[in-house]
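*Asks:* Just passing along the structure, written as structure tokens.
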Amino acid sequence: MPELPEVERGRRIAERTARGRTIVAVKCARDPIVFAGHSQQAFRKSLTDAKVKAVHRRGKHLWFELDRRPWPTFHFGMTGGFHTPAQPSTKLVSHGKVDPKAAWPPRFTKIHLFFNDGGELVMSDARRFGRIRLAHDPLTEAPICHLGFDPLLDLPTPQVFIRMMRRRKAPIKAILLDQGFAAGVGNWIADEVLYQTKINPRRPGTTLSDAEAKAVRVAIRKIIRTAVDADCVHDRFPKGWLFHHRWGRNAEARTTRSEKIVHQTIGGRTTAWVPEVQR
DNA sequence: CTCAGTGTTCAGTG
DNA sequence: TCACTGAACACTGA
């Protein structure tokens, strides 16, 4: 579930599990796609006996700061995520059977890290759009160096934001999804921003008024902060959000205020929007 | 069996 | 070179 808030949740999980610990063992799946050409041996050699000083995030990318280089970087793709072992009490369901969802390590585990305090951390990814790489200096190397601003780390001033938006002719939906513009905004956040600011997703960036561009800037920050503060638990998201009603291309979909939701491909992605609100 | 999908990249076009 | 578009990628689950 990886847009910025889900990735930030992953960062916190990793930091809780790994920060200040030493990696004592590493298991890698055989998967040349997710490992982007790095060998298992390179990962084992780089990570084993290294100490994790911090876990960083920019946009949808994560990386470990180790006490020596290179450092591992993680991208969750469509279906990736970090996991830690379930508490023993939650592992059993009725009749004493083990819940398959609590299997450890989980299905589709790509990398499995073991720490000196007995803790474990896994990245799994069913659909293999995720990536695990090694980088000497993640911030200055592709793909992280090509990212635009991160809404939680370095949101531009209103004036700069207006200028960035006005320079672009693409539909605003496509602009918001461009990681070189706003790093970490994904499909549901872009739709939520446009719904809450009442902007038609097809509007070219060049046509936004100052007030509209400023509203978009604030909405990006507010929606992401709110989702991060809720630790991505969906039922803690505000009741009025489009989020709760946008999933699945279903013709009956309506918002909390019973406005009709339509689904169309805009900016190359399924876009859920509310024509009666977004002009 | 078919299709959509919370993401990124790359080829092709203007 | 740049901005933009659309297809491709890989695979699960509905």
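In the structure tokens, chains take the letters A, B, ... in the order shown, each chain's residues start at 1, and ligands count up from 1 in the order shown.
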Taking the chain letters and numbering used in this document, name the residues of segment 137-242 of chain A that DSSP puts in helix (DSSP H, G or I), as an MDAnalysis selection string.
*Replies:* chainID A and resid 138:140 144:146 158:166 172:177 187:196 205:207 210:229 234:236 242
*Asks:* Could you write those residues out with C-alpha atoms, as a compact mmCIF listing (two decimals), in the first residue's frame?
*Replies:*
# COMPACT_ATOMS: atom_id res chain seq x y z
CA PRO A 138 21.34 7.48 -2.08
CA LEU A 139 20.45 11.19 -2.08
CA THR A 140 22.84 12.00 -4.93
CA ILE A 144 16.31 9.49 -5.59
CA CYS A 145 18.25 12.47 -6.93
CA HIS A 146 15.59 12.97 -9.62
CA PRO A 158 3.49 29.29 -2.14
CA GLN A 159 5.17 31.57 -4.69
CA VAL A 160 7.59 28.87 -5.85
CA PHE A 161 4.81 26.30 -5.94
CA ILE A 162 2.62 28.55 -8.12
CA ARG A 163 5.49 29.03 -10.56
CA MET A 164 6.20 25.28 -10.75
CA MET A 165 2.55 24.53 -11.41
CA ARG A 166 2.06 27.25 -14.03
CA ILE A 172 -3.03 18.51 -13.10
CA LYS A 173 -3.69 14.85 -12.29
CA ALA A 174 -0.57 13.90 -14.28
CA ILE A 175 1.46 16.70 -12.67
CA LEU A 176 0.58 15.53 -9.17
CA LEU A 177 1.59 11.96 -10.02
CA ASN A 187 -3.01 7.88 -7.21
CA TRP A 188 -5.34 8.10 -4.23
CA ILE A 189 -3.64 11.18 -2.76
CA ALA A 190 -3.81 13.01 -6.10
CA ASP A 191 -7.53 12.25 -6.39
CA GLU A 192 -8.11 13.31 -2.77
CA VAL A 193 -6.27 16.61 -3.31
CA LEU A 194 -8.32 17.45 -6.41
CA TYR A 195 -11.60 16.52 -4.77
CA GLN A 196 -10.92 18.59 -1.67
CA GLY A 205 -1.39 23.31 -14.72
CA THR A 206 -1.07 26.54 -16.71
CA THR A 207 -4.72 27.40 -16.05
CA ASP A 210 -2.95 31.67 -7.63
CA ALA A 211 -5.65 30.76 -5.13
CA GLU A 212 -6.17 27.32 -6.65
CA ALA A 213 -2.47 26.51 -6.76
CA LYS A 214 -2.07 27.60 -3.14
CA ALA A 215 -5.02 25.44 -2.14
CA VAL A 216 -3.48 22.44 -3.89
CA ARG A 217 -0.19 23.01 -2.06
CA VAL A 218 -1.90 23.11 1.33
CA ALA A 219 -4.13 20.13 0.54
CA ILE A 220 -1.16 17.95 -0.41
CA ARG A 221 0.47 18.68 2.95
CA LYS A 222 -2.71 18.33 4.99
CA ILE A 223 -3.84 15.05 3.44
CA ILE A 224 -0.41 13.47 3.78
CA ARG A 225 0.05 14.70 7.37
CA THR A 226 -3.36 13.43 8.35
CA ALA A 227 -2.72 10.00 6.82
CA VAL A 228 0.72 9.78 8.43
CA ASP A 229 -0.69 10.82 11.82
CA HIS A 234 -7.89 3.74 6.98
CA ASP A 235 -10.83 3.98 9.37
CA ARG A 236 -9.00 6.78 11.16
CA LEU A 242 -13.13 10.57 -1.17
*Asks:* Listing only residues of chain B within 12 Å of chain A, what is the closest atom pair and its distance in Å (to one decimal) for each, using only C-alpha atoms (C1' of nucleotides), sorted by chain and residue number ascending, as CSV?
*Replies:*
residue,atom,partner,partner_atom,distance
B:DC3,C1',A:Arg249,CA,11.5
B:DA4,C1',A:Gly248,CA,8.3
B:DG5,C1',A:Met78,CA,8.3
B:DT6,C1',A:Met1,CA,5.1
B:DG7,C1',A:Gly77,CA,5.3
B:DT8,C1',A:Gly77,CA,8.0
B:DT9,C1',A:Pro143,CA,11.0
*Asks:* In Å, with one decimal, what is the gap from atom CA of Trp71 of chain A to atom C1' of DC11 of chain C?
*Replies:*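 The value is 28.4 Å.
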*Asks:* Hey, list the chain C side of the contact with chain A: 10 Å cut-off, only C-alpha atoms (C1' of nucleotides), answer as a list of chain:residue names.
*Replies:*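 Close enough to count are C:DA3, C:DC4, C:DT5, C:DG6, C:DA7, C:DC9, C:DA10, C:DC11, C:DT12.
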*Asks:* With distances taken over only C-alpha atoms, which of A:Gly10, A:Pro32, A:Trp273, A:Arg133 is nearest to Ser46 of chain A?
*Replies:*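 So, comparing all the options, the nearest one is A:Arg133.
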*Asks:* Distance atom CA of Asp117 of chain A-atom CA of Ala18 of chain A, one decimal place?
*Replies:*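 Atom-to-atom, atom CA of Asp117 of chain A and atom CA of Ala18 of chain A are spaced 9.4 Å apart.
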*Asks:* Quick check, in Å to one decimal: how far apart do atom CA of Thr197 of chain A and atom CA of Asp231 of chain A lie?
*Replies:* 23.5 Å
